[in-house]
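Shown below: input_12.txt, with compact mmCIF, C-alpha atoms.
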# COMPACT_ATOMS: atom_id res chain seq x y z
CA MET A 16 -23.44 104.48 128.66
CA HIS A 17 -27.19 105.31 128.72
CA TYR A 18 -29.41 104.90 131.76
CA ILE A 19 -33.18 104.43 132.09
CA CYS A 20 -34.51 106.07 135.27
CA THR A 21 -37.85 105.15 136.84
CA LEU A 22 -39.70 105.73 140.14
CA ILE A 23 -40.62 102.48 141.95
CA ASN A 24 -42.49 102.57 145.28
CA GLY A 25 -40.91 105.92 146.16
CA TYR A 26 -37.39 104.81 145.20
CA ILE A 27 -35.38 106.27 142.32
CA CYS A 28 -34.12 103.39 140.15
CA PHE A 29 -31.97 103.21 137.05
CA ASN A 30 -31.10 100.48 134.57
CA ASP A 31 -27.71 100.58 132.83
CA ARG A 32 -29.04 98.55 129.85
CA LYS A 33 -27.00 95.56 131.04
CA ASP A 34 -29.81 94.24 133.28
CA ASN A 35 -28.25 95.92 136.33
CA VAL A 36 -30.88 97.80 138.34
CA LEU A 37 -29.98 100.03 141.30
CA CYS A 38 -32.52 101.85 143.49
CA PHE A 39 -31.99 104.73 145.93
CA ALA A 40 -34.21 106.46 148.46
CA ASP A 41 -32.72 109.90 147.77
CA SER A 42 -31.34 111.69 144.73
CA THR A 43 -28.03 112.60 146.41
CA ARG A 44 -26.91 109.00 146.70
CA LEU A 45 -28.14 108.30 143.17
CA THR A 46 -26.08 111.21 141.86
CA GLU A 47 -22.94 109.91 143.59
CA GLU A 48 -23.51 106.38 142.28
CA VAL A 49 -24.01 107.51 138.69
CA LYS A 50 -21.02 109.85 138.94
CA ASP A 51 -18.90 106.89 140.05
CA GLN A 52 -19.98 104.75 137.10
CA VAL A 53 -20.17 107.25 134.23
CA GLY A 54 -16.71 108.05 132.87
CA SER A 55 -15.29 110.60 130.47
CA VAL A 56 -13.45 110.02 127.20
CA TYR A 57 -10.17 111.81 126.51
CA THR A 58 -7.22 111.47 124.14
CA ARG A 59 -3.74 110.64 125.36
CA TRP A 60 -1.54 112.35 122.79
CA GLY A 61 1.91 110.86 122.17
CA ARG A 62 1.25 107.38 123.57
CA ASP A 63 -0.40 104.17 122.32
CA SER A 64 -1.68 103.01 125.72
CA CYS A 65 -3.83 104.41 128.54
CA PRO A 66 -2.63 105.37 132.04
CA LYS A 67 -3.21 103.03 134.96
CA GLY A 68 -6.85 103.14 136.05
CA ALA A 69 -8.16 104.31 132.65
CA THR A 70 -9.95 102.08 130.14
CA PHE A 71 -8.47 101.61 126.66
CA ILE A 72 -10.83 102.31 123.72
CA TYR A 73 -8.52 102.40 120.69
CA ASP A 74 -5.12 103.66 119.60
CA GLY A 75 -4.19 105.39 116.39
CA PHE A 76 -2.19 108.09 114.63
CA VAL A 77 -2.27 111.83 115.29
CA ALA A 78 -3.40 113.55 112.08
CA GLY A 79 -4.52 116.94 110.80
CA SER A 80 -4.28 119.40 107.94
CA TYR A 81 -0.96 120.16 106.22
CA TYR A 82 1.03 122.88 107.97
CA THR A 83 0.97 125.33 105.02
CA HIS A 84 -2.67 124.78 104.05
CA THR A 85 -5.13 127.49 105.05
CA GLY A 86 -8.15 125.19 104.66
CA SER A 87 -9.22 121.81 106.07
CA GLY A 88 -9.60 121.29 109.82
CA VAL A 89 -7.89 123.22 112.62
CA ASN A 90 -7.92 120.33 115.10
CA TYR A 91 -5.64 117.36 115.56
CA LEU A 92 -7.43 114.00 115.37
CA CYS A 93 -6.63 110.60 116.80
CA LEU A 94 -7.17 108.72 113.56
CA SER A 95 -7.98 105.02 113.90
CA LYS A 96 -5.35 102.50 112.75
CA GLU A 97 -8.18 100.28 111.52
CA PRO A 98 -10.21 102.30 108.98
CA ILE A 99 -13.48 100.90 107.67
CA TRP A 100 -14.64 102.21 104.30
CA ALA A 101 -18.21 102.85 103.16
CA ASN A 102 -19.80 100.43 100.71
CA GLY A 103 -19.77 101.34 97.04
CA ASN A 104 -16.41 103.18 97.01
CA PRO A 105 -17.82 106.76 97.13
CA THR A 106 -15.30 109.45 96.17
CA ALA A 107 -15.03 113.19 95.35
CA SER A 108 -12.57 115.57 93.68
CA SER A 109 -13.03 118.68 95.91
CA VAL A 110 -12.08 117.56 99.40
CA GLY A 111 -10.32 118.41 102.63
CA ILE A 112 -7.04 116.55 103.08
CA ILE A 113 -5.69 114.96 106.24
CA HIS A 114 -2.01 114.24 106.91
CA GLY A 115 -0.12 112.37 109.58
CA SER A 116 1.55 114.38 112.34
CA GLU A 117 5.28 114.63 113.04
CA TYR A 118 7.22 115.89 116.04
CA GLU A 119 9.21 119.07 115.34
CA THR A 120 11.59 119.07 118.30
CA SER A 121 15.05 119.61 116.78
CA SER A 122 15.36 123.14 118.25
CA ALA A 123 14.58 122.01 121.81
CA ASN A 124 16.87 120.58 124.49
CA ILE A 125 14.52 117.61 125.01
CA TRP A 126 12.90 115.06 122.70
CA THR A 127 15.38 115.62 119.88
CA HIS A 128 15.27 111.85 119.22
CA LEU A 129 11.59 112.25 118.26
CA GLN A 130 12.28 114.75 115.44
CA ASP A 131 10.31 113.98 112.24
CA ASN A 132 8.80 110.79 113.71
CA GLU A 133 5.06 110.17 113.52
CA VAL A 134 2.95 110.65 116.64
CA PRO A 135 0.76 107.97 118.29
CA CYS A 136 -2.40 108.57 120.32
CA THR A 137 -4.94 106.67 122.39
CA ALA A 138 -8.58 107.18 123.30
CA CYS A 139 -9.19 106.39 126.98
CA THR A 140 -12.07 106.46 129.45
CA SER A 141 -11.59 107.79 132.97
CA ARG A 142 -13.82 107.19 136.00
CA GLY A 143 -14.96 110.82 136.12
CA PRO A 144 -15.15 114.07 134.12
CA THR A 145 -11.82 115.14 132.62
CA MET A 146 -10.18 118.40 131.63
CA MET A 147 -6.82 119.52 130.27
CA ILE A 148 -5.09 122.16 132.39
CA PRO A 149 -2.56 124.19 130.38
CA GLY A 150 0.29 125.81 132.29
CA ARG A 151 0.88 123.20 135.00
CA ASN A 152 1.72 119.51 135.25
CA ILE A 153 -0.02 118.84 138.57
CA CYS A 154 -3.79 118.63 139.07
CA TYR A 155 -5.75 120.79 141.49
CA GLU A 156 -7.17 119.35 144.70
CA GLY A 157 -10.06 116.99 144.06
CA TRP A 158 -8.71 115.94 140.65
CA LYS A 159 -6.68 112.85 139.73
CA LEU A 160 -3.75 113.04 137.30
CA GLU A 161 -4.35 110.96 134.16
CA TYR A 162 -1.11 112.12 132.54
CA HIS A 163 1.05 115.24 132.24
CA GLY A 164 3.24 116.60 129.50
CA TYR A 165 3.90 119.58 127.27
CA LEU A 166 1.53 121.85 125.42
CA MET A 167 2.09 121.52 121.67
CA THR A 168 0.59 123.01 118.51
CA SER A 169 1.60 124.28 115.06
CA TYR A 170 4.46 126.76 114.52
CA HIS A 171 3.34 130.36 115.03
CA GLY A 172 4.59 131.42 111.59
CA HIS A 173 2.84 128.73 109.58
CA ALA A 174 -0.30 129.42 107.57
CA GLY A 175 -2.35 126.60 109.08
CA SER A 176 -3.30 127.20 112.72
CA LYS A 177 -4.01 124.26 115.02
CA LYS A 178 -5.52 123.76 118.44
CA PHE A 179 -3.29 123.25 121.46
CA ILE A 180 -2.99 119.67 122.72
CA CYS A 181 -1.29 118.09 125.73
CA VAL A 182 1.38 115.62 124.59
CA ASP A 183 2.50 113.05 127.16
CA SER A 184 5.78 113.74 128.99
CA GLU A 185 6.93 110.23 128.03
CA ALA A 186 6.03 110.63 124.37
CA THR A 187 6.90 107.81 121.99
CA VAL A 188 6.83 107.33 118.23
CA ALA A 189 4.05 105.61 116.32
CA LYS A 190 4.63 101.99 115.37
CA GLU A 191 6.38 101.65 112.01
CA SER A 192 7.16 105.36 112.15
CA ASN A 193 9.38 106.80 109.44
CA SER A 194 11.94 109.26 110.79
CA GLY A 195 12.30 110.91 107.39
CA ASN A 196 10.99 114.46 106.99
CA GLN A 197 7.55 114.00 105.42
CA GLU A 198 5.99 117.16 106.89
CA GLY A 199 2.22 117.05 107.45
CA ALA A 200 0.41 118.22 110.61
CA LEU A 201 3.42 119.34 112.64
CA LEU A 202 3.77 119.57 116.42
CA TYR A 203 5.91 122.22 118.14
CA PHE A 204 6.48 123.08 121.79
CA VAL A 205 4.86 126.24 123.16
CA LYS A 206 6.38 129.24 124.96
CA ALA A 207 4.72 132.28 126.52
CA ALA A 208 4.83 135.74 124.93
CA CYS A 209 5.23 138.10 127.89
CA GLY A 210 3.04 141.20 127.85
CA ALA A 211 -0.69 140.69 128.02
CA LEU A 212 0.30 137.27 129.39
CA LYS A 213 2.00 138.20 132.65
CA CYS A 214 5.59 137.16 133.39
CA PRO A 215 5.79 136.18 136.16
CA PRO A 216 4.04 133.90 136.79
CA TYR A 217 4.88 132.82 133.22
CA ASP A 218 8.39 132.74 131.77
CA GLY A 219 9.06 133.38 128.10
CA ASN A 220 12.04 131.00 128.09
CA LYS A 221 10.32 127.92 129.48
CA LEU A 222 8.21 125.31 127.70
CA ILE A 223 4.59 125.37 128.84
CA THR A 224 3.48 122.21 130.57
CA CYS A 225 0.01 120.66 130.84
CA ALA A 226 -1.94 118.04 132.74
CA VAL A 227 -4.99 115.95 131.93
CA CYS A 228 -7.01 115.45 135.11
CA SER A 229 -10.13 113.53 136.08
CA GLN A 230 -12.46 114.57 138.87
CA THR A 231 -12.59 112.49 142.00
CA LYS A 232 -15.28 112.40 144.67
Encoded form using structure tokens:
Amino acid sequence: MHYICTLINGYICFNDRKDNVLCFADSTRLTEEVKDQVGSVYTRWGRDSCPKGATFIYDGFVAGSYYTHTGSGVNYLCLSKEPIWANGNPTASSVGIIHGSEYETSSANIWTHLQDNEVPCTACTSRGPTMMIPGRNICYEGWKLEYHGYLMTSYHGHAGSKKFICVDSEATVAKESNSGNQEGALLYFVKAACGALKCPPYDGNKLITCAVCSQTK
């Protein structure tokens, strides 16, 4: 959302482009008001809905580069389920390639029912700034939990590296998912390698958790 700020008779005023005008005598109150109304967009990996209190934008499929490819992107994307193509059918022969993502959980003692299924995702808006905290499933003081789960990424021995993402603790499969092994942009749990990463507090035998948190007043 974009705001137009003006100074009227000594008051600071802003218009939210929806004909709503608010004026304040001091910048502190204005800052708090804007902070309360301007949200932050984040991705909820592993689910096709937003947590309570968040605003739904769209849901889609987790996608990325093939796990053995050394090129294409290194990030996972929440790819829209409703693609819109450019006019004129433009095409090319030298391209990056994007694949759907699958859970690789057969070696774990949780989520084995998700093995080889495709992964859903949702874009959501919170009421405040958001961040993902790796290594814990509870937010720090002053932050509200949007969701918690497990840190996931590509397998450490595969050629194609991926970013770490926080997959919801109540992960589901994408609608019309095929449980057959089709490979693609794979998702594995994450463990700590003790050494430069100190154990304790970390433990090389435990799956690393994560939390997505939004800032409160």
message: Please compute the atom CA of A:Ala69-atom CA of A:Ser55 distance, one decimal, in Å.
response: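 About the pair atom CA of A:Ala69 and atom CA of A:Ser55: they are 9.8 Å apart.
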query: So which one's closest to A:Asp183, A:Thr137, A:Asn220, A:Thr145, A:Asn90? Using all atoms listed in the file, please.
result: A:Thr137
- line: Of A:Ala207, A:Val77, A:Leu160, A:Met167, the one sitting nearest A:Leu92 when using all atoms listed in the file is A:Val77
task: Go ahead and compute the interatomic distance for atom CA of A:Gly79 and atom CA of A:Gly195, in Å to one decimal.
output: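 Going from atom CA of A:Gly79 over to atom CA of A:Gly195, I get 18.2 Å.
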task: Step by step: start from the point (8.5, 115.9, 117.6) in the file's coordinates, keep every protein, DNA or RNA residue that has an atom no farther than 8 Å from it, count only C-alpha atoms, and write the set as JSON, numbers by chain.
output: {"A": [117, 118, 119, 120, 121, 126, 127, 129, 130, 131, 132, 133, 134, 201, 202, 203]}
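The spacing separating atom CA of A:Cys181 from atom CA of A:Gly143 amounts to 18.6 Å.
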query: Between A:Arg62, A:Gln230, A:Ser80, A:Lys67, which has the minimum distance to A:Tyr155 (counting all atoms listed in the file)?
result: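 With all atoms listed in the file as the atom set, the closest residue is A:Gln230.
Neighbouring residues of A:Gly75 at 6 Å or closer, counting only C-alpha atoms and skipping chain neighbours under 3 positions away, are A:Cys93, A:Leu94, A:Ser95, A:Lys96, A:Pro135, A:Cys136.
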query: When distances are computed from all atoms listed in the file, which of A:Gly68, A:Ala78, A:Val227, A:Gly103 shows the smallest separation from A:Tyr162?
result: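 Answer, going by the shortest atom-to-atom distance: A:Val227.
Taking all atoms listed in the file into account, A:Ala186 lies nearest to A:Tyr165 out of the set A:Tyr91, A:Tyr165, A:Tyr73, A:Tyr57.
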Box for stretch 51-66 of chain A: with edges along x, y and z, all listed atoms inside and 3 Å added on each side, what are the centre and edge lengths in Å to one decimal, as lines of an AutoDock Vina configuration file?
center_x = -9.1
center_y = 107.7
center_z = 131.1
size_x = 28.1
size_y = 15.3
size_z = 23.9
- prompt: Looking at A:Leu212, A:Leu222, A:Gln197, A:Gly157, which one is nearest to A:Ala123, with distances taken over all atoms listed in the file?
  reply: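 That would be A:Leu222, the residue with the smallest distance to A:Ala123.
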message: I want to know what sits within 10 Å of A:Ser176, based on all atoms listed in the file, with residues of the same chain fewer than 3 positions away left out; could you give that as a list in words?
response: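 The residues satisfying every condition are Ser80, Tyr81, Tyr82, Thr83, His84, Thr85, Gly86, Gly88, Val89, Asn90, Thr168, Ser169, Tyr170, His171, Gly172, His173, Phe179 and Ala200 of chain A.
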message: Around (-2.8, 125.1, 130.2), as given in the file, which residues come within 8 Å? Count all atoms listed in the file and list them as a VMD selection string.
response: chain A and resid 147 to 151 166 223 to 226
Could you add N, CA and C atoms to stretch 189-220 of chain A and give me the result as a short mmCIF file (atom, residue, chain, number, x, y, z; two decimals), keeping the file's coordinate frame?
data_model
loop_
_atom_site.label_atom_id
_atom_site.label_comp_id
_atom_site.auth_asym_id
_atom_site.auth_seq_id
_atom_site.Cartn_x
_atom_site.Cartn_y
_atom_site.Cartn_z
N ALA A 189 5.04 106.56 116.80
CA ALA A 189 4.05 105.61 116.32
C ALA A 189 4.74 104.36 115.77
N LYS A 190 4.08 103.24 115.90
CA LYS A 190 4.63 101.99 115.37
C LYS A 190 4.84 102.11 113.86
N GLU A 191 5.99 101.58 113.42
CA GLU A 191 6.38 101.65 112.01
C GLU A 191 6.58 103.09 111.55
N SER A 192 6.92 103.96 112.49
CA SER A 192 7.16 105.36 112.15
C SER A 192 8.37 105.50 111.23
N ASN A 193 8.29 106.47 110.34
CA ASN A 193 9.38 106.80 109.44
C ASN A 193 10.00 108.10 109.92
N SER A 194 11.29 108.07 110.25
CA SER A 194 11.94 109.26 110.79
C SER A 194 12.34 110.27 109.72
N GLY A 195 12.03 109.96 108.46
CA GLY A 195 12.30 110.91 107.39
C GLY A 195 11.35 112.10 107.46
N ASN A 196 11.79 113.24 106.95
CA ASN A 196 10.99 114.46 106.99
C ASN A 196 9.90 114.42 105.93
N GLN A 197 8.68 114.08 106.35
CA GLN A 197 7.55 114.00 105.42
C GLN A 197 6.54 115.13 105.63
N GLU A 198 6.86 116.03 106.58
CA GLU A 198 5.99 117.16 106.89
C GLU A 198 4.60 116.67 107.31
N GLY A 199 3.57 117.44 107.05
CA GLY A 199 2.22 117.05 107.45
C GLY A 199 1.67 118.00 108.50
N ALA A 200 0.97 117.44 109.50
CA ALA A 200 0.41 118.22 110.61
C ALA A 200 1.45 118.24 111.72
N LEU A 201 2.24 119.31 111.79
CA LEU A 201 3.42 119.34 112.64
C LEU A 201 3.11 119.76 114.07
N LEU A 202 3.94 119.28 115.00
CA LEU A 202 3.77 119.57 116.42
C LEU A 202 5.02 120.25 116.98
N TYR A 203 4.84 121.45 117.54
CA TYR A 203 5.91 122.22 118.14
C TYR A 203 5.58 122.49 119.61
N PHE A 204 6.65 122.64 120.41
CA PHE A 204 6.48 123.08 121.79
C PHE A 204 5.92 124.51 121.82
N VAL A 205 5.48 124.92 122.99
CA VAL A 205 4.86 126.24 123.16
C VAL A 205 5.58 127.03 124.24
N LYS A 206 5.84 128.31 123.97
CA LYS A 206 6.38 129.24 124.96
C LYS A 206 5.41 130.40 125.13
N ALA A 207 5.57 131.12 126.23
CA ALA A 207 4.72 132.28 126.52
C ALA A 207 5.31 133.54 125.87
N ALA A 208 4.44 134.41 125.39
CA ALA A 208 4.83 135.74 124.93
C ALA A 208 4.47 136.72 126.05
N CYS A 209 5.47 137.23 126.75
CA CYS A 209 5.23 138.10 127.89
C CYS A 209 4.65 139.44 127.43
N GLY A 210 3.72 139.96 128.18
CA GLY A 210 3.04 141.20 127.85
C GLY A 210 1.65 141.14 128.43
N ALA A 211 0.67 140.91 127.54
CA ALA A 211 -0.69 140.69 128.02
C ALA A 211 -0.74 139.42 128.88
N LEU A 212 0.12 138.45 128.54
CA LEU A 212 0.30 137.27 129.39
C LEU A 212 1.42 137.59 130.38
N LYS A 213 1.11 137.65 131.64
CA LYS A 213 2.00 138.20 132.65
C LYS A 213 3.18 137.27 132.97
N CYS A 214 4.36 137.85 133.03
CA CYS A 214 5.59 137.16 133.39
C CYS A 214 6.29 137.95 134.51
N PRO A 215 6.43 137.42 135.74
CA PRO A 215 5.79 136.18 136.16
C PRO A 215 4.28 136.35 136.32
N PRO A 216 3.55 135.25 136.47
CA PRO A 216 4.04 133.90 136.79
C PRO A 216 4.63 133.14 135.61
N TYR A 217 4.33 133.55 134.36
CA TYR A 217 4.88 132.82 133.22
C TYR A 217 6.29 133.28 132.92
N ASP A 218 6.99 132.48 132.11
CA ASP A 218 8.39 132.74 131.77
C ASP A 218 8.55 132.48 130.28
N GLY A 219 8.96 133.50 129.54
CA GLY A 219 9.06 133.38 128.10
C GLY A 219 10.13 132.44 127.60
N ASN A 220 10.97 131.92 128.50
CA ASN A 220 12.04 131.00 128.09
C ASN A 220 11.76 129.55 128.43
#
